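One structure is given here, and the rest of the page talks about it.
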Amino acid sequence: MQHRGIKILSLALLGSSVLVPAVAAQDSDQVMSIYERYRPDLSAKGIRTGGFLFYPEIKAEGEFDSNIYATDDNNVDDVDDFIAIVKPSFRLQSNWNSNSFALFAGADIGRYADNSAEDYEDFNVGASGRIDMSHGSNIFVDLTYADMHEDRGSPDSVGTQAEATTFSTLKAIAGFKRDEGVMSFAVDGSYEKNDYDDARLNGGGRLENDDRDRETIRSSVRIGFDLNDDYEAFVKFATVAVEYDDSRLDGGPLRDSDGWDVVGGAAFNVGGSSVGEFYVGYVKRDFDKASFADASEMKFGASMLWSGDLTSFKVAIDRDVAETTLEADNASGQRVASAGILSTSYSARIEHELRRNLLLGADISYNKMDFINTVRDDDVTKLGLGAKYLLNRTFSLNADYKFDKRSTNEVNQDYKRHSFIVSLGAQW
């Protein structure tokens, strides 16, 4: 009954977000990072067609990956390979004084030099719209569909797979925001459908992934109060309901769940150079299976972007509950299903404009993953370095280095890998 109640509340909020007026237009003094800034002589102009601007783009990449299967080198030898990647995309964006509408699509096509079973063809397509009801009040709707492949470093990726798992995601989001006077109000809701394909196993047979197929409904209400021109206090309440198509396939457990969280915090926009928010509260997730331990944890998070004349800096912290279908040992040493993942992530990125057409970037992230109902703990660390050279308004050269590492108490699941990427991009 509790699960049904949360789902009904989520659906009610999702419906109300469509029926009530809402989502704000971007501020003209929006704080942006160095890589995101518009450069009149180097940014794409777009191709004008009526009241729209058409932005086509294509990128050709060459990548060397030192460990394409994300395997533990203490167990098996790492396999490296070179990957040729092509990324075409476009965006059709309205150029109206009020309201907005956009269509977008993109693909990510990878071909491995020596391990063709790892070849992939990802794509995404979507649309977004906004109706401005009045100054500070508007409605938005976003719809996206994507066919993707699961990274070999995902904890749900099985080491005996002969190919990566492919999956599709359909997501719809609708929301309302009113930000006039001293009080702001926002409500939004989303529906997401994930459908996972079976994968071939080494030595024959298939990995059944139908037990991962699920629907997720989320909703939230946020109320803010202006403290002054730069700071706003807010409270936010959110719900989630997750329903699996058939998680008990092949003897698996019932994985349906529902939950909620409530946080309070403050948002700021100081002097047009820094913007962000921080919050703290409580998150609760109840699982329908009686043997699964419910998640009742402190929730906290923060995000901040500071942008100066030549340098920008981003930081973010977030804690939430994520889905998984993994099995791991419990405190008694028995192999049991994990109910979910309590994920706590930290990230930072710095960008610098060395010259007007030469941009540098570096980032670091750390994710602490506690697998609920088991003793498995994962620590995932990622590092990145990059440079972008803008040849002119159309062409750019990029060079990037990426490193990621997983340390876990699960046997033979540690890995580390290095990636070196060079690319040529063209935009119009």
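By order in the structure tokens, chains are A, B, ...; within a chain, residues start at 1; ligands start at 1, following the order shown.
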Handout entry: For A:Asp370: contacts at 7 Å, only C-alpha atoms, fewer than 2 positions along chain excluded, given as a list in words
Key =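 Near A:Asp370, the qualifying residues are Ile341, Leu342, Ser343, Lys368, Ile372, Arg376, Asp377 and Asp378 of chain A.
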Restricting it to C-alpha atoms, dump the selection as an mmCIF file, in the first residue's frame.
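So the final result, stored in result-v1.cif, reads:
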```
data_model
loop_
_atom_site.group_PDB
_atom_site.id
_atom_site.type_symbol
_atom_site.label_atom_id
_atom_site.label_comp_id
_atom_site.auth_asym_id
_atom_site.auth_seq_id
_atom_site.Cartn_x
_atom_site.Cartn_y
_atom_site.Cartn_z
ATOM 1 C CA ILE A 341 23.603 1.422 -3.993
ATOM 2 C CA LEU A 342 24.039 4.309 -1.570
ATOM 3 C CA SER A 343 26.195 6.513 -3.790
ATOM 4 C CA LYS A 368 31.858 6.005 -2.662
ATOM 5 C CA ILE A 372 22.798 -2.037 0.475
ATOM 6 C CA ARG A 376 30.505 -4.696 -0.715
ATOM 7 C CA ASP A 377 32.059 -1.223 -0.889
ATOM 8 C CA ASP A 378 33.474 0.337 -4.066
#
```
Would you write out, as JSON lines, a table of all residues in stretch 238-275 of chain A that have an atom no more than 12 Å from an atom of stretch 329-340 of chain A, listing for each the closest atom pair and the distance in Å to one decimal, considering only C-alpha atoms and ordering rows by chain and rising residue number?
```
{"residue": "A:Val242", "atom": "CA", "partner": "A:Gly340", "partner_atom": "CA", "distance": 11.4}
{"residue": "A:Ser247", "atom": "CA", "partner": "A:Ala337", "partner_atom": "CA", "distance": 11.3}
{"residue": "A:Arg248", "atom": "CA", "partner": "A:Ala337", "partner_atom": "CA", "distance": 11.4}
{"residue": "A:Gly251", "atom": "CA", "partner": "A:Ala337", "partner_atom": "CA", "distance": 10.9}
{"residue": "A:Gly252", "atom": "CA", "partner": "A:Ala337", "partner_atom": "CA", "distance": 8.0}
{"residue": "A:Pro253", "atom": "CA", "partner": "A:Ala337", "partner_atom": "CA", "distance": 7.3}
{"residue": "A:Leu254", "atom": "CA", "partner": "A:Ala339", "partner_atom": "CA", "distance": 9.4}
{"residue": "A:Arg255", "atom": "CA", "partner": "A:Ala339", "partner_atom": "CA", "distance": 7.0}
{"residue": "A:Asp256", "atom": "CA", "partner": "A:Ala339", "partner_atom": "CA", "distance": 9.5}
{"residue": "A:Ser257", "atom": "CA", "partner": "A:Ala339", "partner_atom": "CA", "distance": 9.2}
{"residue": "A:Asp258", "atom": "CA", "partner": "A:Gly340", "partner_atom": "CA", "distance": 11.9}
```
Exercise for the section: Taking the DSSP assignment computed from this structure's backbone, write out as an MDAnalysis selection string all residues of stretch 154-201 of chain A that belong to strand (DSSP E). Expected result: chainID A and resid 166:180 183:196 199:200
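Distances here use only C-alpha atoms; by that measure, the residue among A:Lys59, A:Lys314, A:Lys402, A:Arg218 closest to A:Pro88 is A:Lys59.
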Handout entry: Distance query A:Arg212 at most 12 Å, only C-alpha atoms, self and fewer than 3 positions along chain excluded, as a ChimeraX atom specification
Key = /A:156-157,165-168,193-198,207-209,215,242-250,252-256,323-326
Exercise for the section: Would you list the contacts of A:Tyr415 as number ranges by chain, taking every protein, DNA or RNA residue within 10 Å and counting only C-alpha atoms, but skipping same-chain residues closer than 6 positions in sequence? Expected result: A: 67, 69-74, 78, 153, 380, 404-408
Kindly save the residues from that selection, with C-alpha atoms included, as an mmCIF file, in the first residue's frame.
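File produced: out39.cif:
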```cif
data_model
loop_
_atom_site.group_PDB
_atom_site.id
_atom_site.type_symbol
_atom_site.label_atom_id
_atom_site.label_comp_id
_atom_site.auth_asym_id
_atom_site.auth_seq_id
_atom_site.Cartn_x
_atom_site.Cartn_y
_atom_site.Cartn_z
ATOM 1 C CA ASN A 67 42.155 -1.803 -20.391
ATOM 2 C CA TYR A 69 37.409 -4.773 -20.436
ATOM 3 C CA ALA A 70 38.103 -2.962 -17.114
ATOM 4 C CA THR A 71 39.623 -6.161 -15.683
ATOM 5 C CA ASP A 72 41.742 -6.724 -12.584
ATOM 6 C CA ASP A 73 45.362 -7.059 -13.766
ATOM 7 C CA ASN A 74 46.105 -9.294 -10.760
ATOM 8 C CA ASP A 78 44.791 -6.165 -19.384
ATOM 9 C CA GLY A 153 33.646 -0.397 -15.759
ATOM 10 C CA VAL A 380 35.810 4.826 -7.902
ATOM 11 C CA ASP A 404 39.836 5.772 -13.770
ATOM 12 C CA LYS A 405 40.277 3.249 -10.997
ATOM 13 C CA ARG A 406 37.983 1.042 -8.909
ATOM 14 C CA SER A 407 39.021 -0.313 -5.523
ATOM 15 C CA THR A 408 36.586 -2.785 -3.968
#
```
Handout entry: Point-to-point distance in Å for atom CA of A:Val31 and atom CA of A:Val275
Key =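 Result for atom CA of A:Val275 versus atom CA of A:Val31: 6.8 Å, one decimal.
The interatomic distance for the pair atom CA of A:Asn409 and atom CA of A:Glu327 works out to 13.1 Å.
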How close does each residue of stretch 293-331 of chain A get to stretch 345-359 of chain A, giving the shortest atom pair and distance in Å to one decimal for every residue with an atom at most 9 Å away, counting only C-alpha atoms, sorted by chain and residue number, as CSV?
```
residue,atom,partner,partner_atom,distance
A:Asp309,CA,A:Glu353,CA,8.6
A:Leu310,CA,A:Glu353,CA,5.1
A:Thr311,CA,A:His352,CA,4.4
A:Ser312,CA,A:Glu351,CA,5.2
A:Phe313,CA,A:Ile350,CA,4.5
A:Lys314,CA,A:Arg349,CA,5.1
A:Val315,CA,A:Ala348,CA,4.3
A:Ala316,CA,A:Ser347,CA,5.3
A:Ile317,CA,A:Tyr346,CA,4.6
A:Asp318,CA,A:Ser345,CA,5.4
A:Arg319,CA,A:Ser345,CA,6.4
A:Asp320,CA,A:Ser345,CA,8.9
```
For those residues, write N, CA and C atoms to a file as a compact mmCIF listing (two decimals), in the first residue's frame.
```txt
# COMPACT_ATOMS: atom_id res chain seq x y z
N ASP A 309 37.75 36.08 -15.11
CA ASP A 309 38.04 36.53 -16.47
C ASP A 309 38.67 35.42 -17.32
N LEU A 310 39.61 34.65 -16.73
CA LEU A 310 40.34 33.66 -17.50
C LEU A 310 40.22 32.25 -16.93
N THR A 311 39.66 32.11 -15.74
CA THR A 311 39.61 30.81 -15.07
C THR A 311 38.23 30.57 -14.47
N SER A 312 37.78 29.32 -14.54
CA SER A 312 36.53 28.94 -13.88
C SER A 312 36.76 27.67 -13.07
N PHE A 313 35.93 27.50 -12.04
CA PHE A 313 36.10 26.37 -11.14
C PHE A 313 34.73 25.85 -10.73
N LYS A 314 34.53 24.51 -10.85
CA LYS A 314 33.27 23.87 -10.48
C LYS A 314 33.54 22.82 -9.40
N VAL A 315 32.64 22.73 -8.43
CA VAL A 315 32.66 21.64 -7.47
C VAL A 315 31.24 21.13 -7.29
N ALA A 316 31.11 19.85 -6.96
CA ALA A 316 29.79 19.26 -6.74
C ALA A 316 29.90 18.10 -5.77
N ILE A 317 28.89 17.96 -4.93
CA ILE A 317 28.77 16.85 -3.98
C ILE A 317 27.33 16.37 -4.03
N ASP A 318 27.13 15.04 -4.00
CA ASP A 318 25.76 14.53 -4.04
C ASP A 318 25.70 13.15 -3.41
N ARG A 319 24.61 12.88 -2.70
CA ARG A 319 24.36 11.55 -2.15
C ARG A 319 22.95 11.12 -2.53
N ASP A 320 22.81 9.87 -3.05
CA ASP A 320 21.51 9.37 -3.46
C ASP A 320 21.55 7.84 -3.48
```
